[in-house]
Every structure is written in structure tokens, then in C-alpha cells.
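my_file30.cif follows; it contains mmCIF, C-alpha atoms.
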```cif
data_entry
#
loop_
_atom_site.label_atom_id
_atom_site.label_comp_id
_atom_site.auth_asym_id
_atom_site.auth_seq_id
_atom_site.Cartn_x
_atom_site.Cartn_y
_atom_site.Cartn_z
CA MET A 22 6.13 -109.15 176.65
CA ILE A 23 6.07 -112.55 178.30
CA SER A 24 2.61 -113.27 179.67
CA LYS A 25 1.73 -113.49 183.35
CA GLU A 26 0.40 -116.99 182.72
CA GLU A 27 3.80 -118.15 181.40
CA ILE A 28 5.55 -116.67 184.43
CA LEU A 29 3.12 -118.34 186.82
CA GLU A 30 3.72 -121.67 185.10
CA ILE A 31 7.48 -121.22 185.63
CA LEU A 32 6.90 -120.20 189.24
CA ASN A 33 4.82 -123.34 189.83
CA GLY A 34 7.98 -125.38 189.21
CA TYR A 35 10.02 -123.51 191.84
CA ASP A 36 11.20 -124.91 195.12
CA LEU A 37 9.70 -122.07 197.16
CA LYS A 38 11.73 -122.98 200.24
CA ASN A 39 14.89 -122.16 198.29
CA ILE A 40 14.12 -118.92 196.46
CA THR A 41 17.14 -116.95 195.25
CA ILE A 42 17.05 -113.14 195.05
CA ALA A 43 18.94 -112.07 191.91
CA THR A 44 19.84 -108.71 190.40
CA VAL A 45 22.44 -107.06 188.19
CA CYS A 46 25.60 -105.99 190.03
CA SER A 47 25.05 -102.23 189.82
CA HIS A 48 22.82 -99.33 190.96
CA SER A 49 21.29 -100.52 194.26
CA SER A 50 22.52 -104.11 194.33
CA LEU A 51 24.37 -103.77 197.63
CA GLN A 52 21.23 -103.02 199.61
CA ILE A 53 19.16 -105.55 197.61
CA PHE A 54 21.60 -108.36 198.43
CA HIS A 55 22.04 -107.15 202.03
CA GLY A 56 18.28 -106.95 202.59
CA ALA A 57 17.72 -110.38 201.05
CA LYS A 58 20.35 -111.92 203.31
CA GLN A 59 18.74 -110.29 206.35
CA GLU A 60 15.50 -112.07 205.45
CA GLY A 61 17.24 -115.43 204.94
CA PHE A 62 17.31 -115.59 201.13
CA ARG A 63 20.14 -116.91 198.97
CA THR A 64 21.48 -114.21 196.62
CA LEU A 65 22.83 -114.22 193.07
CA GLY A 66 24.73 -111.39 191.39
CA ILE A 67 24.48 -111.07 187.60
CA CYS A 68 27.58 -109.47 186.08
CA ILE A 69 29.44 -108.97 182.83
CA GLY A 70 32.82 -110.66 182.94
CA PRO A 71 34.50 -111.58 186.23
CA PRO A 72 32.61 -110.83 189.47
CA PRO A 73 33.28 -107.25 190.63
CA ARG A 74 35.96 -107.25 193.34
CA PHE A 75 34.39 -104.43 195.33
CA TYR A 76 31.89 -106.88 196.83
CA ASP A 77 34.80 -108.40 198.79
CA ALA A 78 34.93 -105.11 200.71
CA PHE A 79 31.28 -105.45 201.77
CA PRO A 80 30.81 -109.02 203.04
CA LEU A 81 27.29 -108.42 204.40
CA ALA A 82 26.18 -107.46 200.88
CA LYS A 83 28.26 -109.87 198.79
CA PRO A 84 26.13 -112.27 196.72
CA ASP A 85 26.33 -115.94 197.60
CA ALA A 86 27.07 -116.69 193.95
CA PHE A 87 27.60 -114.89 190.66
CA LEU A 88 26.31 -115.50 187.16
CA SER A 89 28.98 -114.12 184.78
CA LEU A 90 27.80 -113.26 181.28
CA ASP A 91 29.36 -111.94 178.08
CA SER A 92 26.57 -109.35 177.67
CA TYR A 93 23.40 -108.30 179.41
CA LYS A 94 21.34 -109.60 176.49
CA ALA A 95 22.76 -113.04 177.32
CA MET A 96 20.41 -113.06 180.33
CA LEU A 97 17.71 -114.20 177.92
CA ASP A 98 19.86 -117.13 176.79
CA GLU A 99 20.73 -118.04 180.38
CA SER A 100 17.16 -117.87 181.71
CA ASP A 101 17.12 -121.64 182.33
CA ARG A 102 20.09 -121.26 184.69
CA LEU A 103 18.23 -118.55 186.59
CA ILE A 104 15.11 -120.71 186.76
CA ASP A 105 17.19 -123.63 188.07
CA GLU A 106 18.28 -121.30 190.88
CA ASN A 107 14.61 -120.56 191.73
CA ALA A 108 15.49 -116.95 191.02
CA ILE A 109 13.26 -113.95 191.44
CA ILE A 110 14.84 -110.97 189.72
CA ILE A 111 14.75 -107.53 191.30
CA PRO A 112 14.80 -104.85 188.56
CA HIS A 113 16.58 -101.54 189.05
CA GLY A 114 17.44 -98.61 186.81
CA SER A 115 20.79 -99.92 185.55
CA MET A 116 19.39 -103.36 184.79
CA VAL A 117 16.57 -101.93 182.69
CA GLU A 118 18.93 -99.57 180.88
CA TYR A 119 21.61 -102.18 180.14
CA LEU A 120 19.22 -104.96 179.15
CA GLY A 121 16.77 -102.73 177.27
CA ILE A 122 13.05 -102.46 177.92
CA GLN A 123 12.00 -104.93 175.23
CA ASN A 124 14.49 -107.57 176.39
CA PHE A 125 13.50 -107.00 180.01
CA GLU A 126 9.82 -107.39 179.19
CA ALA A 127 10.57 -110.65 177.34
CA LEU A 128 12.85 -112.14 180.01
CA PRO A 129 11.28 -115.52 180.94
CA VAL A 130 12.20 -115.40 184.62
CA PRO A 131 9.87 -114.41 187.51
CA THR A 132 10.48 -110.76 188.30
CA PHE A 133 9.43 -108.70 191.31
CA GLY A 134 6.85 -106.04 190.43
CA ASN A 135 4.72 -105.31 187.40
CA ARG A 136 6.68 -105.12 184.14
CA ARG A 137 3.85 -103.22 182.46
CA CYS A 138 4.71 -100.09 184.47
CA LEU A 139 7.93 -99.61 182.46
CA ALA A 140 6.10 -98.56 179.31
CA TRP A 141 4.27 -95.87 181.29
CA GLU A 142 7.40 -94.75 183.12
CA SER A 143 9.70 -94.55 180.09
CA ASP A 144 7.35 -92.73 177.70
CA ARG A 145 7.02 -89.05 178.69
CA GLU A 146 3.58 -88.72 177.08
CA MET A 147 2.22 -91.77 178.91
CA GLU A 148 3.87 -90.68 182.15
CA ARG A 149 2.26 -87.24 181.92
CA GLU A 150 -1.14 -88.83 181.23
CA TRP A 151 -0.65 -90.97 184.34
CA LEU A 152 0.16 -87.95 186.52
CA LEU A 153 -2.65 -85.82 185.13
CA ARG A 154 -5.19 -88.60 185.61
CA ALA A 155 -3.93 -88.93 189.18
CA GLY A 156 -4.80 -85.28 189.73
CA VAL A 157 -1.36 -84.16 190.93
CA ASN A 158 0.26 -80.86 190.06
CA VAL A 159 2.74 -81.09 187.21
CA PRO A 160 4.91 -78.42 185.59
CA MET A 161 3.33 -76.52 182.70
CA ARG A 162 4.37 -77.93 179.33
CA PHE A 163 4.94 -75.89 176.19
CA GLU A 164 3.77 -77.61 172.99
CA SER A 165 5.73 -75.15 170.86
CA ALA A 166 8.89 -73.15 171.42
CA GLU A 167 6.98 -70.10 170.15
CA LEU A 168 4.89 -70.23 173.33
CA ILE A 169 7.84 -69.98 175.74
CA ASP A 170 7.28 -66.96 177.97
CA ARG A 171 9.33 -67.91 181.05
CA PRO A 172 12.39 -69.99 182.05
CA VAL A 173 12.08 -73.60 180.91
CA ILE A 174 13.86 -76.92 181.31
CA VAL A 175 14.20 -78.99 178.15
CA LYS A 176 14.43 -82.79 178.39
CA TYR A 177 15.45 -84.91 175.43
CA HIS A 178 13.52 -88.16 175.16
CA GLY A 179 15.38 -91.07 176.70
CA ALA A 180 17.43 -88.81 179.00
CA LYS A 181 18.91 -90.87 181.84
CA GLY A 182 20.81 -90.06 184.99
CA GLY A 183 20.53 -86.32 184.41
CA LYS A 184 21.96 -86.37 180.88
CA GLY A 185 20.01 -84.71 178.10
CA PHE A 186 18.68 -81.70 180.03
CA PHE A 187 19.24 -77.98 179.64
CA ILE A 188 17.73 -74.78 181.01
CA ALA A 189 16.76 -71.79 178.89
CA LYS A 190 15.71 -68.43 180.30
CA ASN A 191 13.65 -67.47 177.26
CA LYS A 192 12.66 -68.45 173.71
CA GLU A 193 15.81 -67.01 172.16
CA GLU A 194 18.09 -68.98 174.45
CA PHE A 195 16.09 -72.13 173.71
CA GLN A 196 16.65 -71.64 169.98
CA SER A 197 20.39 -71.21 170.51
CA LYS A 198 20.77 -74.39 172.59
CA ILE A 199 18.39 -76.93 171.07
CA GLN A 200 19.85 -79.86 169.14
CA ARG A 201 17.90 -80.23 165.92
CA GLY A 202 16.54 -83.63 164.97
CA GLN A 203 16.01 -84.88 168.54
CA LYS A 204 12.67 -85.34 170.26
CA TYR A 205 12.28 -83.23 173.39
CA THR A 206 9.84 -81.94 175.98
CA ILE A 207 9.70 -78.33 177.17
CA GLN A 208 8.54 -77.74 180.76
CA GLU A 209 8.43 -74.60 182.84
CA PHE A 210 11.38 -74.28 185.20
CA ILE A 211 10.01 -74.46 188.76
CA LEU A 212 11.86 -72.59 191.48
CA GLY A 213 11.87 -74.59 194.67
CA THR A 214 13.48 -77.46 196.57
CA ARG A 215 13.82 -80.87 194.96
CA TYR A 216 12.60 -83.86 196.96
CA TYR A 217 12.86 -87.42 195.63
CA ILE A 218 10.37 -89.35 197.75
CA HIS A 219 10.79 -93.12 198.17
CA PHE A 220 7.55 -95.08 198.45
CA PHE A 221 6.68 -98.76 198.65
CA TYR A 222 3.29 -100.12 197.66
CA SER A 223 2.19 -103.55 198.87
CA PRO A 224 -0.96 -105.07 197.39
CA ILE A 225 -0.97 -107.82 200.05
CA ARG A 226 -0.21 -106.12 203.39
CA GLU A 227 -3.07 -104.97 205.58
CA ARG A 228 -1.28 -103.11 208.39
CA GLY A 229 -0.18 -99.53 207.80
CA TYR A 230 -1.37 -96.63 205.65
CA ARG A 231 -4.28 -98.30 203.92
CA LEU A 232 -5.28 -97.81 200.30
CA ARG A 233 -8.34 -99.35 198.67
CA ARG A 234 -6.23 -102.48 198.49
CA GLY A 235 -2.97 -102.95 200.34
CA THR A 236 -0.73 -100.40 202.04
CA LEU A 237 1.64 -97.55 201.22
CA ASP A 238 4.98 -96.94 202.97
CA MET A 239 7.17 -93.86 202.74
CA LEU A 240 10.73 -95.08 203.33
CA GLY A 241 12.91 -92.03 202.77
CA ILE A 242 13.69 -88.86 200.83
CA ASP A 243 16.81 -87.77 198.99
CA ARG A 244 18.14 -85.02 196.80
CA ARG A 245 20.50 -85.65 193.90
CA VAL A 246 24.00 -84.24 193.61
CA GLU A 247 24.26 -83.24 189.98
CA SER A 248 27.70 -83.03 188.39
CA ASN A 249 28.78 -79.40 188.08
CA ALA A 250 25.29 -77.90 188.52
CA ASP A 251 25.65 -77.79 192.31
CA GLU A 252 29.03 -76.04 192.30
CA ILE A 253 29.34 -74.23 188.99
CA PHE A 254 27.99 -70.88 190.18
CA ARG A 255 30.82 -70.48 192.67
CA ILE A 256 33.01 -69.29 189.82
CA GLY A 257 30.76 -66.66 188.28
CA SER A 258 27.29 -65.50 187.29
CA VAL A 259 25.20 -67.24 184.65
CA ASN A 260 26.14 -64.63 182.03
CA GLU A 261 29.84 -64.87 182.87
CA LEU A 262 29.80 -68.65 182.67
CA GLU A 263 27.95 -68.72 179.36
CA ALA A 264 30.35 -66.13 177.91
CA ALA A 265 33.17 -68.53 178.79
CA GLY A 266 31.33 -71.44 177.17
CA ILE A 267 30.53 -73.14 180.50
CA TYR A 268 27.06 -74.56 181.03
CA PRO A 269 25.54 -76.48 183.95
CA SER A 270 25.35 -80.26 183.66
CA PHE A 271 22.77 -82.36 185.48
CA VAL A 272 24.52 -85.74 185.43
CA VAL A 273 23.79 -87.44 188.75
CA THR A 274 26.93 -88.26 190.75
CA GLY A 275 25.47 -88.94 194.20
CA ASN A 276 22.63 -88.33 196.63
CA LEU A 277 21.98 -86.46 199.88
CA PRO A 278 19.45 -87.37 202.60
CA LEU A 279 16.56 -85.03 203.35
CA VAL A 280 13.62 -84.76 205.72
CA LEU A 281 10.46 -82.73 205.16
CA ARG A 282 8.78 -80.43 207.62
CA GLU A 283 6.28 -82.74 209.28
CA SER A 284 3.23 -80.68 208.28
CA LEU A 285 3.85 -81.67 204.64
CA LEU A 286 3.55 -85.43 205.24
CA PRO A 287 -0.23 -85.54 204.58
CA LYS A 288 0.44 -84.06 201.13
CA VAL A 289 3.17 -86.62 200.48
CA PHE A 290 0.90 -89.57 201.25
CA ASP A 291 -1.90 -88.06 199.19
CA LEU A 292 0.47 -87.85 196.20
CA GLY A 293 1.62 -91.44 196.63
CA GLU A 294 -1.93 -92.71 197.06
CA ARG A 295 -3.21 -90.92 193.96
CA VAL A 296 -0.38 -92.24 191.79
CA VAL A 297 -0.80 -95.83 193.02
CA GLU A 298 -4.59 -95.90 192.66
CA THR A 299 -4.33 -94.48 189.13
CA SER A 300 -1.66 -97.03 188.20
CA ILE A 301 -4.07 -99.79 189.19
CA GLU A 302 -6.70 -98.36 186.86
CA LEU A 303 -4.25 -97.87 183.96
CA PHE A 304 -2.17 -101.05 183.94
CA GLY A 305 -2.91 -103.18 186.97
CA GLY A 306 -0.76 -101.20 189.38
CA MET A 307 2.81 -100.62 190.45
CA ILE A 308 4.13 -103.13 192.95
CA GLY A 309 6.92 -102.48 195.42
CA PRO A 310 9.26 -99.48 195.42
CA PHE A 311 8.76 -96.32 193.41
CA SER A 312 9.82 -92.69 193.64
CA LEU A 313 8.07 -89.41 192.92
CA GLU A 314 10.48 -86.72 191.82
CA THR A 315 9.07 -83.44 193.08
CA ILE A 316 9.76 -79.77 193.63
CA VAL A 317 8.31 -77.97 196.64
CA THR A 318 7.63 -74.29 195.99
CA ASP A 319 7.83 -71.45 198.51
CA ASP A 320 4.06 -71.67 199.02
CA LEU A 321 4.55 -75.34 200.02
CA ASP A 322 2.94 -76.87 196.96
CA PHE A 323 4.34 -80.04 195.39
CA LYS A 324 4.99 -80.22 191.66
CA VAL A 325 5.60 -83.78 190.42
CA PHE A 326 7.85 -83.92 187.38
CA GLU A 327 8.71 -87.61 187.10
CA ILE A 328 7.95 -91.13 188.34
CA SER A 329 10.50 -93.90 188.77
CA ALA A 330 8.46 -97.11 189.04
CA ARG A 331 11.19 -99.23 190.69
CA ILE A 332 13.89 -98.93 193.34
CA VAL A 333 15.93 -95.73 192.89
CA ALA A 334 19.59 -95.18 193.73
CA GLY A 335 18.71 -92.51 196.32
CA THR A 336 17.55 -95.33 198.61
CA ASN A 337 21.22 -96.37 198.92
CA LEU A 338 21.54 -93.65 201.56
CA PHE A 339 19.37 -95.66 203.89
CA ILE A 340 20.79 -99.20 203.97
CA SER A 341 20.61 -98.95 207.78
CA GLY A 342 17.26 -97.16 207.75
CA SER A 343 16.06 -93.60 207.30
CA PRO A 344 14.38 -91.16 209.71
CA TYR A 345 11.10 -92.43 208.24
CA SER A 346 11.68 -96.17 207.76
CA ASP A 347 13.06 -96.41 211.31
CA LEU A 348 9.56 -95.50 212.49
CA ILE A 349 8.24 -98.57 210.66
CA GLU A 350 11.02 -100.97 211.62
CA LYS A 351 14.49 -100.16 212.92
CA GLY A 352 17.13 -100.36 210.20
CA LEU A 353 14.65 -101.00 207.39
CA SER A 354 16.08 -100.42 203.89
CA THR A 355 14.14 -100.55 200.65
CA GLY A 356 16.19 -103.63 199.71
CA ARG A 357 15.08 -105.40 202.87
CA ARG A 358 11.48 -104.25 202.38
CA ILE A 359 11.50 -105.95 198.95
CA ALA A 360 12.73 -109.20 200.53
CA GLN A 361 10.08 -108.93 203.24
CA GLU A 362 7.36 -108.58 200.60
CA ILE A 363 8.57 -111.71 198.82
CA ALA A 364 8.72 -113.63 202.11
CA LEU A 365 5.21 -112.46 203.07
CA ALA A 366 3.78 -113.40 199.67
CA ARG A 367 5.41 -116.83 199.91
CA SER A 368 3.89 -117.43 203.34
CA MET A 369 0.46 -116.35 202.06
CA GLY A 370 0.66 -118.39 198.86
CA ALA A 371 0.42 -115.08 197.00
CA LEU A 372 3.69 -114.83 195.03
CA GLY A 373 1.65 -114.56 191.86
CA GLU A 374 0.31 -111.21 193.08
CA ILE A 375 3.72 -109.53 193.31
CA ILE A 376 5.67 -110.96 190.38
CA SER A 377 5.37 -110.70 186.61
#
```

Take the structure I supplied and represent it as C-alpha cells, if you would.
Amino acid sequence: MISKEEILEILNGYDLKNITIATVCSHSSLQIFHGAKQEGFRTLGICIGPPPRFYDAFPLAKPDAFLSLDSYKAMLDESDRLIDENAIIIPHGSMVEYLGIQNFEALPVPTFGNRRCLAWESDREMEREWLLRAGVNVPMRFESAELIDRPVIVKYHGAKGGKGFFIAKNKEEFQSKIQRGQKYTIQEFILGTRYYIHFFYSPIRERGYRLRRGTLDMLGIDRRVESNADEIFRIGSVNELEAAGIYPSFVVTGNLPLVLRESLLPKVFDLGERVVETSIELFGGMIGPFSLETIVTDDLDFKVFEISARIVAGTNLFISGSPYSDLIEKGLSTGRRIAQEIALARSMGALGEIIS
């Protein structure tokens, strides 16, 4: 991984009055570019091949310029061009997936947030350690298939976007479905409602929900629409579907907005606070947007099953604000909140505290 000292040296050569917000043209780029423009930043879209034409349909979110590459790995070779643009890169899920974690960690361009969080987010063992040390409820995990005594969800390592998951009602069904030779994790299947909660941690702001250092925002909540899993049971029972060779798929195809009953908000902020404070102890802390992927049971307890330590695609629902972010600032998106954090850090002479 490129060192913080090397990044700070690069940043010292920037014309800070002309910072460019750059990201890969995918995932949540529309709101990142839109939010950056709202805060007065120049924007740069990184793409493979010709610039995507769909940006012409959304002029308020179209980048001011494009950097067209032959491959995502070429970003490393073109880092000098990005530096010449005074670029600060905003990572998102597609960028990390396409570029690869090792290439992303080595990219010699100032990047918003703490790159060290990716190792903890992407490794299921490290992620579980993080959650357990934070003292939040997590689903029970089965170390051996022989111990399965209830419905479980099985996640292959490296599963992305809902791929690589399956549900088994018992040990026998697990044995019939598992793909040999792959690494996997077995968790209990929790009955409840899924809530993907969008947070934003600022180490430099002082106004708001205070942590030991900085503030925590809650900007929105979504639920994922998952391929055929949300509609499949319209055509038959589980047994009927399986007899026909039809199984639910959890590939994410979209998102729906949600709000919580207000009495649960103290629990939500407690979860976010615990995860942030523990991240500071483990690797210097998350910075900026992150999401806790949770299930709320019928006794109103939260089970946290995953962390996304960056902007998530569910925030795309709220480019014009959410029922929660509107109570912070009207029309506030996560993309704009990122740009605001960069602008605040620049004004405070504290960019080194929010980039890596």
C-alpha cells in the first residue's frame, strides 16, 4: 500500500483552489459528480473506452471532463495525469472491484477516506472481528456443517452484489447445495426486515451527533431488490420450486427507500458509534460514508451482518435528499456530503486528515 507520507507529499504539490473530484463512471458516480458540482468542484469521470453517452441525459451530473482508459489497471499508469488535474479520487464499490484491492491500495493519487479499511471490509474473518469487538449483535456462525441445527445462509468468500449466496433449511440441504473446493461462511438465517443504513463519519466536524472525535450523520436507509428472490414465491412454494429446479437468487438489481420507526433511532446511532470508535482503534478509523447491513427482528433487535466501508449504491435513491438527510440540510445527498467534507477540510488546512 502506498504510504500516507507519500500521499501527503503529492497533496502538497496540489493547487488547492482547483481541486478536481474524480471517480469511475459507475455505481454512484451520478450523485458524486452532482454533489461535487453543487459545492463548486471541477469533476472528472474515469471510464474504459469512449465516455458513456448516458451522462448526456443527466447534465447536472455529467463530468466536466473524462479520462478514457484501455483498462482499469491503467489508472496506475495514468496517475500523473490525475495528479496534474489536482484530483481527489472518491472510491465506490465498482471502482474497488474493477481495479482490485491491491491496485487500489497502491494507486499513487490522493483518495478520499482511509484505504486501510478495505482489508477489514473485504475479509469476512476480519470484518467479524471488527463487529464483535464493537459489541454489536451478529448472526450466529457455524464453524462446521455438522453443527447446523437451523436454517442458514451460506456466503462464498468474495461474493459481490448478492452473488454467491444460498439458503439451506437444514444440514442435509446444505450438503446437497454446497460447491466443493470453495471457501464459505455459514451463518444462521435471521427472520426479520433488512435495513441498509447509510452513515457518514467526519473526523473534523464539531456540530452534530458527537463522537469522541468528530461527528456521525445518518443520511438514509434502503432495502435491496434482489433478482428473483423478491418475486419467485409468487409461482409456488419452496418445495414446488426446488422440485422444478428453481432456486432464489440474491443478485442486487435495485434499491427501495425505507424509514424506521422513530423509537429505533437511538439503537441505530449506537450501532454506528460503536463501529466507528472500534475502527479507530483497529486501523485508524473509517472516514466518510459507510453502511451497516442489518436485519431487525420482531423483538426490535438489530443484527448486523455486514459493513460496507464506502459509499453504497443504495444512497442513489437520495440524490435530492432523504427523510433523514433533509433534517440536516435540504436536498443533501451522500455525494454532496463527501464534497462538503473535502471543502471543509480544505478551508481548515486539514485535507491530510480525510485522505489516504

Given all atoms listed in the file as the counted atoms, nearest of A:Met22, A:Leu279, A:Leu353, A:Ile111 to Gln59 of chain A: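 With all atoms listed in the file as the atom set, the closest residue is A:Leu353.
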
Evaluate the PyMOL selection byres ((chain A and resi 203-220) around 6) and report residues as an MDAnalysis selection string: chainID A and resid 160:163 172:178 201:202 221 238:244 310:318

Could the residues in this selection be saved with C-alpha atoms as a PDB file, in the coordinates of the input?
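Once written, part21.pdb looks like this:
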```pdb
ATOM      1  CA  PRO A 160       4.910 -78.420 185.590  1.00  0.00           C
ATOM      2  CA  MET A 161       3.330 -76.520 182.700  1.00  0.00           C
ATOM      3  CA  ARG A 162       4.370 -77.930 179.330  1.00  0.00           C
ATOM      4  CA  PHE A 163       4.940 -75.890 176.190  1.00  0.00           C
ATOM      5  CA  PRO A 172      12.390 -69.990 182.050  1.00  0.00           C
ATOM      6  CA  VAL A 173      12.080 -73.600 180.910  1.00  0.00           C
ATOM      7  CA  ILE A 174      13.860 -76.920 181.310  1.00  0.00           C
ATOM      8  CA  VAL A 175      14.200 -78.990 178.150  1.00  0.00           C
ATOM      9  CA  LYS A 176      14.430 -82.790 178.390  1.00  0.00           C
ATOM     10  CA  TYR A 177      15.450 -84.910 175.430  1.00  0.00           C
ATOM     11  CA  HIS A 178      13.520 -88.160 175.160  1.00  0.00           C
ATOM     12  CA  ARG A 201      17.900 -80.230 165.920  1.00  0.00           C
ATOM     13  CA  GLY A 202      16.540 -83.630 164.970  1.00  0.00           C
ATOM     14  CA  PHE A 221       6.680 -98.760 198.650  1.00  0.00           C
ATOM     15  CA  ASP A 238       4.980 -96.940 202.970  1.00  0.00           C
ATOM     16  CA  MET A 239       7.170 -93.860 202.740  1.00  0.00           C
ATOM     17  CA  LEU A 240      10.730 -95.080 203.330  1.00  0.00           C
ATOM     18  CA  GLY A 241      12.910 -92.030 202.770  1.00  0.00           C
ATOM     19  CA  ILE A 242      13.690 -88.860 200.830  1.00  0.00           C
ATOM     20  CA  ASP A 243      16.810 -87.770 198.990  1.00  0.00           C
ATOM     21  CA  ARG A 244      18.140 -85.020 196.800  1.00  0.00           C
ATOM     22  CA  PRO A 310       9.260 -99.480 195.420  1.00  0.00           C
ATOM     23  CA  PHE A 311       8.760 -96.320 193.410  1.00  0.00           C
ATOM     24  CA  SER A 312       9.820 -92.690 193.640  1.00  0.00           C
ATOM     25  CA  LEU A 313       8.070 -89.410 192.920  1.00  0.00           C
ATOM     26  CA  GLU A 314      10.480 -86.720 191.820  1.00  0.00           C
ATOM     27  CA  THR A 315       9.070 -83.440 193.080  1.00  0.00           C
ATOM     28  CA  ILE A 316       9.760 -79.770 193.630  1.00  0.00           C
ATOM     29  CA  VAL A 317       8.310 -77.970 196.640  1.00  0.00           C
ATOM     30  CA  THR A 318       7.630 -74.290 195.990  1.00  0.00           C
TER      31      THR A 318
END
```

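What separates atom CA of Leu285 of chain A from atom CA of Ile188 of chain A is a distance of 28.3 Å.
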
Answer key for the PyMOL selection byres ((chain A and resi 157) around 12), residues as a PyMOL selection string: chain A and resi 149-156+158-160+288-297+299+313+315+322-328

Distance in Å - atom CA of Arg358 of chain A versus atom CA of Gly309 of chain A: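 The value is 8.5 Å.
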
Among listed residues A:Tyr230, A:Phe339, A:Tyr222, A:Phe54, nearest Pro278 of chain A (using all atoms listed in the file): A:Phe339

Proximity to Ser49 of chain A - best of A:Gly335, A:Gly34, A:Pro129, A:Gly370, all atoms listed in the file: A:Gly335

For the structure provided, state which residues fall under the PyMOL selection byres ((chain A and resi 340-344) around 9), and present them as an mmCIF file with C-alpha atoms, in the frame of the given file.
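File written: part07.cif
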```cif
data_model
loop_
_atom_site.group_PDB
_atom_site.id
_atom_site.type_symbol
_atom_site.label_atom_id
_atom_site.label_comp_id
_atom_site.auth_asym_id
_atom_site.auth_seq_id
_atom_site.Cartn_x
_atom_site.Cartn_y
_atom_site.Cartn_z
ATOM 1 C CA LEU A 51 24.370 -103.770 197.630
ATOM 2 C CA GLN A 52 21.230 -103.020 199.610
ATOM 3 C CA HIS A 55 22.040 -107.150 202.030
ATOM 4 C CA GLY A 56 18.280 -106.950 202.590
ATOM 5 C CA LEU A 240 10.730 -95.080 203.330
ATOM 6 C CA GLY A 241 12.910 -92.030 202.770
ATOM 7 C CA ILE A 242 13.690 -88.860 200.830
ATOM 8 C CA PRO A 278 19.450 -87.370 202.600
ATOM 9 C CA VAL A 280 13.620 -84.760 205.720
ATOM 10 C CA THR A 336 17.550 -95.330 198.610
ATOM 11 C CA ASN A 337 21.220 -96.370 198.920
ATOM 12 C CA LEU A 338 21.540 -93.650 201.560
ATOM 13 C CA PHE A 339 19.370 -95.660 203.890
ATOM 14 C CA TYR A 345 11.100 -92.430 208.240
ATOM 15 C CA SER A 346 11.680 -96.170 207.760
ATOM 16 C CA ASP A 347 13.060 -96.410 211.310
ATOM 17 C CA LEU A 348 9.560 -95.500 212.490
ATOM 18 C CA GLU A 350 11.020 -100.970 211.620
ATOM 19 C CA LYS A 351 14.490 -100.160 212.920
ATOM 20 C CA GLY A 352 17.130 -100.360 210.200
ATOM 21 C CA LEU A 353 14.650 -101.000 207.390
ATOM 22 C CA SER A 354 16.080 -100.420 203.890
ATOM 23 C CA THR A 355 14.140 -100.550 200.650
ATOM 24 C CA GLY A 356 16.190 -103.630 199.710
ATOM 25 C CA ARG A 357 15.080 -105.400 202.870
#
```

Distance of atom CA of Ile375 of chain A from atom CA of Ser223 of chain A, expressed in Å to one decimal place: 8.3 Å

Polymer residues at most 9 Å from Pro72 of chain A, only C-alpha atoms, same-chain spacing of 5 or more positions, as a list in words: Cys46, Gly66, Ile67, Phe87, Leu88 and Ser89 of chain A

Selected residue of minimal separation from Leu303 of chain A among A:Trp141, A:Met369, A:Gly229, A:Ile69, counting all atoms listed in the file: A:Trp141

For segment 96-101 of chain A: contacts at 9 Å, only C-alpha atoms, fewer than 3 positions along chain excluded, given as a list in words: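 Here the qualifying residues turn out to be Ile67, Leu90, Ser92, Tyr93, Ile104, Asp105, Glu106, Leu120, Asn124, Phe125, Ala127, Leu128, Pro129 and Val130 of chain A.
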
Nearest to Glu148 of chain A by atom-to-atom distance, counting only C-alpha atoms, from A:Ile199, A:Ala330, A:Ile308, A:Ile301: A:Ala330

Nearest-residue call for Pro224 of chain A, choices A:Ala82, A:Leu321, A:Ala364, A:Ala371, using only C-alpha atoms: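 Looking at the shortest contact to Pro224 of chain A, the residue is A:Ala371.
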
Contact residues around Ala366 of chain A with all atoms listed in the file at 12 Å, ignoring same-chain residues under 5 positions, as a PyMOL selection string: chain A and resi 37+133+223-226+359-361+371-376

Residues near Ala108 of chain A, cut-off 7 Å, only C-alpha atoms, skip fewer than 3 positions along chain, as a VMD selection string: chain A and resid 40 to 43 103 to 104

Dump of C-alpha atoms for the selected residues, as a PDB file, in the frame of the given file:
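Saved file out06.pdb follows:
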```pdb
ATOM      1  CA  ILE A  40      14.120-118.920 196.460  1.00  0.00           C
ATOM      2  CA  THR A  41      17.140-116.950 195.250  1.00  0.00           C
ATOM      3  CA  ILE A  42      17.050-113.140 195.050  1.00  0.00           C
ATOM      4  CA  ALA A  43      18.940-112.070 191.910  1.00  0.00           C
ATOM      5  CA  LEU A 103      18.230-118.550 186.590  1.00  0.00           C
ATOM      6  CA  ILE A 104      15.110-120.710 186.760  1.00  0.00           C
TER       7      ILE A 104
END
```
